[in-house]
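> Let me give you the structure first, and then I'll get to my questions.
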Amino acid sequence: MLAFRTRLRAGPVTWQALAGGLASLVVAVALYTRFSIHILMTRDEGIYTYSGQQMAHGVAPYASIFDPKGPMAGVVAGLAAMVARGLGQDDIYAIRLAFFGCAVLAVLAVYLLVTRLFRSALGGLTAAVVFAANWPFAVDALAGPNAKTPAVLFAVLSMWLLTRRKWFWGAVLACLTVLVWQPMVIYVVVALALPPLVAGGQRLRAFLQAVAGVAVPVVAVSVYFALAGAFDDFVAATLLFPLLGVRRSAETVGARLLHIRDTIDRYYGFGGLLFWVGLALLLVCVVVCVAVPLLRGRSSWRAALLSPLVAVVLVTLLGNAAYASTDFQSYPDLYPFLPYPAIGIGGAVALLVARLRARAVRRVGAVAVLAALVLLTGLSWVSFGNDPVNTHRPGLRAQLADGCALDRLRAPGTPLLSLGDPVPLVTTHSRNPDRFIYLGSGVDHWKVDHTPGGFAGWRAQIRRWSPSVIVLRSWGGPYRPRMVRWLQQSGYLRRYVGVWAVFVTPDTVGRARQQGVVMTLRATKVVRGPGGSRLPVRNCG
């Protein structure tokens with residue numbers, strides 16, 4: 001069932017397989033480190049960094065920040081922050097390194113999956129290099145954390161384990177995938193549906209193993225949140241809000257498909273060509289490995305539909321596509337798709353080389369493929385290193401300087417309140433008095449609807465907290481202008497600290513002069529100190 005009807009044969013682990021796996025890791029590290037670890041932290045990356053920082057201090061995800069995605073990205077960040085704290089190191093960079101590890105291992109997982117599917121180390125290496133050469137995934141590898149990075153790792157490992165009939169562990173990884181991002185539920189569906197269909201006389205045992213594999217992470221996460229007193233927050237954020245509270249602008253399916261196409265063209269560059277070619281070649285692989293034997297009478301319909309290339313790879317691809325056709329935001333939403341073009345290109349290489357009968361011709365073909373992979377790696381290495389994202393935007397160091405300024409502005413004993421963006425909290429290592437920090441996609445409406453007194457109750461909460469500094473950033477929608485008007489009516493003055501819009505008390509303006517922080521009426525690339533010089537981060541230790 002697992003071996004396809006090609007000239008490729010299963011066998012023990014060989015030095016070629018080990019060398020291919022090592023080469024995949026080397027390529028991933030070489031390409032992903034072309035981007036700086038100091039790249040600007042975005043709002044979404046701040047969500048998981050903040051969640052991880054607070055988890056390291058004993059505050060469970062969702063109790064620290066309301067986030068509609070699953071908890072595993074925050075858990076990965078939290079474990080990294082705990083290690084950093086224990087070693088006395090910076091937790092922000094530790095979290096980025098943890099997600100970098102997930103990205104590198106995702107490349108290795110693609111290699112393992114394609115090697116398993118097509119019994120070809122060369123095909124696996126091809127897939128790994130093609131996957132690693134995707135610009136958006138590469139730029140987020142070291143400069144994250146991006147929640148979908150571990151989701152891709154878990155998804156590919158789940159497919160690899162299911163093709164090996166490791167039902168329990170395949171289901172565990174499938175469940176972890178969903179616990180990162182709920183729309184990837186197709187992996188759990190496959191992990192539960194496939195075992196009883198292909199396990200022969202062991203159907204019940206295989207199914208129970210899969211059920212146990214799905215149950216273990218769910219139970220573990222539920223027990224953790226229950227013990228942390230955050231189970232209701234967990235359910236509200238990951239189940240109730242996605243079902244009842246998400247607000248998106250109206251968009252037809254056709255417009256959404258055009259948006260997906262335009263996103264690939266805009267962000268993926270040459271990788272966009274590989275994306276479409278890879279998907280086409282994946283269909284070719286399905287035809288060669290499944291449809292042709294079926295039409296020639298060498299396979300049954302049942303065997304064809306339950307082959308790993310169809311039941312695992314093609315079905316999960318279609319499941320991801322079904323969700324993307326209903327909700328698609330930006331280039332990270334394409335991350336779950338990236339393994340599939342790599343599988344198609346790697347599988348096509350494996351099938352082509354395997355059909356070269358003469359050994360000398362096969363060697364020439366293998367050398368040609370390796371040369372093409374070296375060229376692709378080299379071109380990507382140069383392109384990634386010269387990418388403007390590394391140098392042309394104020395990076396994490398500038399944000400840390402902005403955070404340093406906020407620390408110096410904040411009056412002792414008063415909280416820093418952030419509305420819309422957790423990055424200021426990340427850079428100051430502060431805890432927000434309110435877990436509703438991210439306010440997009442209808443979260444602000446959810447906050448108002450679930451606060452006694454509605455918007456007036458929200459304002460009353462802010463009065464009780466009495467923050468001396470309020471950062472308002474990355475928040476749109478009808479409640480934002482109402483909040484701005486109320487803050488100004490309440491005596492807060494609007495200023496800028498670097499790029500961050502802040503509302504401060506009149507006393508804070510005087511405190512800024514004492515602390516050597518220059519607040520401006522317009523945004524500046526970096527925060528300034530006395531005489532207009534850049535405020536150094538070392539002033540805050």
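Residue names in the structure tokens use chain letters A, B, ... in the order shown, residue numbers from 1 in each chain, and ligand numbers from 1 in the order shown.
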If you take only C-alpha atoms and a cut-off of 10 Å, which residues of stretch 41-88 of chain A touch stretch 234-254 of chain A, and what are their nearest atom pairs and distances in Å to one decimal, in chain and number order, as CSV?

```
residue,atom,partner,partner_atom,distance
A:Ala60,CA,A:Phe234,CA,9.4
A:Pro61,CA,A:Phe234,CA,7.8
A:Tyr62,CA,A:Phe234,CA,5.8
A:Ala63,CA,A:Phe234,CA,8.0
A:Ile65,CA,A:Ala237,CA,9.5
A:Phe66,CA,A:Ala237,CA,6.2
A:Asp67,CA,A:Ala237,CA,6.0
A:Pro68,CA,A:Ala237,CA,4.9
A:Lys69,CA,A:Thr238,CA,5.9
A:Gly70,CA,A:Thr238,CA,6.0
A:Pro71,CA,A:Phe234,CA,8.2
```
> Let me see the file: selected residues, N, CA and C atoms, as a PDB file, in the first residue's frame.

```
ATOM      1  N   ALA A  60      -0.886  32.127  31.811  1.00  0.00           N
ATOM      2  CA  ALA A  60      -1.201  31.259  30.677  1.00  0.00           C
ATOM      3  C   ALA A  60      -1.618  32.072  29.463  1.00  0.00           C
ATOM      4  N   PRO A  61      -1.347  31.549  28.236  1.00  0.00           N
ATOM      5  CA  PRO A  61      -1.903  32.189  27.044  1.00  0.00           C
ATOM      6  C   PRO A  61      -3.420  32.349  27.188  1.00  0.00           C
ATOM      7  N   TYR A  62      -3.964  33.370  26.573  1.00  0.00           N
ATOM      8  CA  TYR A  62      -5.367  33.772  26.631  1.00  0.00           C
ATOM      9  C   TYR A  62      -5.701  34.500  27.934  1.00  0.00           C
ATOM     10  N   ALA A  63      -5.048  34.142  29.042  1.00  0.00           N
ATOM     11  CA  ALA A  63      -5.180  34.975  30.236  1.00  0.00           C
ATOM     12  C   ALA A  63      -4.335  36.228  30.080  1.00  0.00           C
ATOM     13  N   ILE A  65      -3.326  37.423  26.781  1.00  0.00           N
ATOM     14  CA  ILE A  65      -3.738  38.129  25.566  1.00  0.00           C
ATOM     15  C   ILE A  65      -4.805  37.321  24.852  1.00  0.00           C
ATOM     16  N   PHE A  66      -5.840  37.997  24.388  1.00  0.00           N
ATOM     17  CA  PHE A  66      -6.903  37.367  23.625  1.00  0.00           C
ATOM     18  C   PHE A  66      -6.424  37.186  22.194  1.00  0.00           C
ATOM     19  N   ASP A  67      -6.302  35.927  21.772  1.00  0.00           N
ATOM     20  CA  ASP A  67      -5.796  35.623  20.430  1.00  0.00           C
ATOM     21  C   ASP A  67      -6.671  34.542  19.817  1.00  0.00           C
ATOM     22  N   PRO A  68      -7.264  34.778  18.639  1.00  0.00           N
ATOM     23  CA  PRO A  68      -8.177  33.791  18.057  1.00  0.00           C
ATOM     24  C   PRO A  68      -7.519  32.498  17.594  1.00  0.00           C
ATOM     25  N   LYS A  69      -6.198  32.458  17.450  1.00  0.00           N
ATOM     26  CA  LYS A  69      -5.536  31.233  17.001  1.00  0.00           C
ATOM     27  C   LYS A  69      -5.341  30.262  18.162  1.00  0.00           C
ATOM     28  N   GLY A  70      -4.908  29.038  17.830  1.00  0.00           N
ATOM     29  CA  GLY A  70      -4.664  28.021  18.833  1.00  0.00           C
ATOM     30  C   GLY A  70      -3.495  28.378  19.738  1.00  0.00           C
ATOM     31  N   PRO A  71      -3.295  27.613  20.808  1.00  0.00           N
ATOM     32  CA  PRO A  71      -2.310  27.995  21.828  1.00  0.00           C
ATOM     33  C   PRO A  71      -0.878  27.560  21.560  1.00  0.00           C
TER      34      PRO A  71
END
```
> Can you tell me, as a ChimeraX atom specification, what residues are no more than 9 Å from stretch 187-192 of chain A when counting only C-alpha atoms, ignoring any on the same chain fewer than 3 positions away?
/A:155,158-159,162,167-168,170-175,177-178,184,195-196,207-208,210-211,213-214,311-312,315-316,319
> Mind dumping the selected residues with C-alpha atoms as a PDB file, in the first residue's frame?

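What ended up in result36.pdb:
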```pdb
ATOM      1  CA  ALA A 155       1.535  19.158   9.365  1.00  0.00           C
ATOM      2  CA  SER A 158       1.955  14.253  10.492  1.00  0.00           C
ATOM      3  CA  MET A 159       1.790  13.325   6.798  1.00  0.00           C
ATOM      4  CA  LEU A 162       0.761   8.607   8.486  1.00  0.00           C
ATOM      5  CA  TRP A 167      -1.231   6.159  13.560  1.00  0.00           C
ATOM      6  CA  PHE A 168      -0.821   7.411  17.118  1.00  0.00           C
ATOM      7  CA  GLY A 170       0.609  10.901  13.142  1.00  0.00           C
ATOM      8  CA  ALA A 171      -2.604  11.867  14.937  1.00  0.00           C
ATOM      9  CA  VAL A 172      -0.668  13.635  17.712  1.00  0.00           C
ATOM     10  CA  LEU A 173       1.115  15.823  15.155  1.00  0.00           C
ATOM     11  CA  ALA A 174      -2.132  16.418  13.259  1.00  0.00           C
ATOM     12  CA  CYS A 175      -3.779  17.612  16.473  1.00  0.00           C
ATOM     13  CA  THR A 177      -1.242  21.371  13.804  1.00  0.00           C
ATOM     14  CA  VAL A 178      -4.831  22.321  14.613  1.00  0.00           C
ATOM     15  CA  MET A 184      -5.880  23.118   9.373  1.00  0.00           C
ATOM     16  CA  PRO A 195      -6.308   4.124   9.748  1.00  0.00           C
ATOM     17  CA  PRO A 196      -9.538   2.073   9.710  1.00  0.00           C
ATOM     18  CA  PHE A 207      -8.534   3.753  14.781  1.00  0.00           C
ATOM     19  CA  LEU A 208      -8.246   3.729  18.571  1.00  0.00           C
ATOM     20  CA  ALA A 210      -5.512   7.610  16.114  1.00  0.00           C
ATOM     21  CA  VAL A 211      -8.263   8.694  18.498  1.00  0.00           C
ATOM     22  CA  GLY A 213      -3.294  10.506  19.401  1.00  0.00           C
ATOM     23  CA  VAL A 214      -5.812  13.309  18.876  1.00  0.00           C
ATOM     24  CA  ALA A 311      -5.410   9.966   0.753  1.00  0.00           C
ATOM     25  CA  VAL A 312      -2.771  11.944   2.648  1.00  0.00           C
ATOM     26  CA  VAL A 315      -6.789  15.342   0.406  1.00  0.00           C
ATOM     27  CA  THR A 316      -4.986  17.673   2.821  1.00  0.00           C
ATOM     28  CA  GLY A 319      -8.793  20.767   2.536  1.00  0.00           C
TER      29      GLY A 319
END
```
> To one decimal place in Å, what is the distance between atom CA of A:Asn390 and atom CA of A:Ile39?
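One can read the atom CA of A:Asn390 to atom CA of A:Ile39 distance as 6.3 Å.
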> Can you tell me, as JSON, numbers by chain, what residues are no more than 9 Å from A:Trp500 when counting only C-alpha atoms, ignoring any on the same chain fewer than 5 positions away?
{"A": [402, 424, 471, 472, 473, 495, 523, 524]}
> Output the selection as a PDB file, in the first residue's frame - C-alpha atoms for each residue.

```
ATOM      1  CA  ASP A 402      11.298  53.011  21.629  1.00  0.00           C
ATOM      2  CA  PRO A 424       5.458  47.925  23.044  1.00  0.00           C
ATOM      3  CA  VAL A 471       0.116  53.260  23.057  1.00  0.00           C
ATOM      4  CA  LEU A 472      -2.462  53.124  20.269  1.00  0.00           C
ATOM      5  CA  ARG A 473      -1.299  51.278  17.178  1.00  0.00           C
ATOM      6  CA  ARG A 495       2.420  62.531  20.965  1.00  0.00           C
ATOM      7  CA  ALA A 523       6.163  59.857  13.834  1.00  0.00           C
ATOM      8  CA  THR A 524       9.943  59.530  13.514  1.00  0.00           C
TER       9      THR A 524
END
```
> Which residues come within 9 Å of A:Asp140, counting only C-alpha atoms, excluding same-chain residues fewer than 6 positions away, as a list in words?
Tyr32, Phe35, Phe99, Phe100, Ala103, Asn146 and Thr149 of chain A
> How close does each residue of stretch 300-340 of chain A get to stretch 179-182 of chain A, giving the shortest atom pair and distance in Å to one decimal for every residue with an atom at most 12 Å away, counting only C-alpha atoms, sorted by chain and residue number, as CSV?

```
residue,atom,partner,partner_atom,distance
A:Asn320,CA,A:Gln182,CA,11.1
A:Tyr323,CA,A:Gln182,CA,10.5
A:Pro332,CA,A:Trp181,CA,11.7
A:Asp333,CA,A:Trp181,CA,10.3
A:Tyr335,CA,A:Trp181,CA,11.5
A:Pro336,CA,A:Trp181,CA,10.1
```
> Write the selection just made, keeping N, CA and C atoms, as a compact mmCIF listing (two decimals), in the first residue's frame?

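Heads up, here's the output in again03.txt:
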```txt
# COMPACT_ATOMS: atom_id res chain seq x y z
N ASN A 320 -6.98 22.38 2.64
CA ASN A 320 -6.42 23.71 2.81
C ASN A 320 -7.00 24.69 1.79
N TYR A 323 -10.53 25.92 2.67
CA TYR A 323 -10.60 27.01 3.65
C TYR A 323 -10.11 28.33 3.04
N PRO A 332 1.23 34.91 4.78
CA PRO A 332 1.39 33.78 5.71
C PRO A 332 0.30 32.73 5.59
N ASP A 333 -0.87 33.11 5.08
CA ASP A 333 -1.93 32.12 4.90
C ASP A 333 -1.60 31.10 3.82
N TYR A 335 1.41 29.63 3.79
CA TYR A 335 2.41 28.72 4.34
C TYR A 335 1.96 27.26 4.35
N PRO A 336 0.70 26.95 4.72
CA PRO A 336 0.29 25.54 4.70
C PRO A 336 0.35 24.91 3.31
```
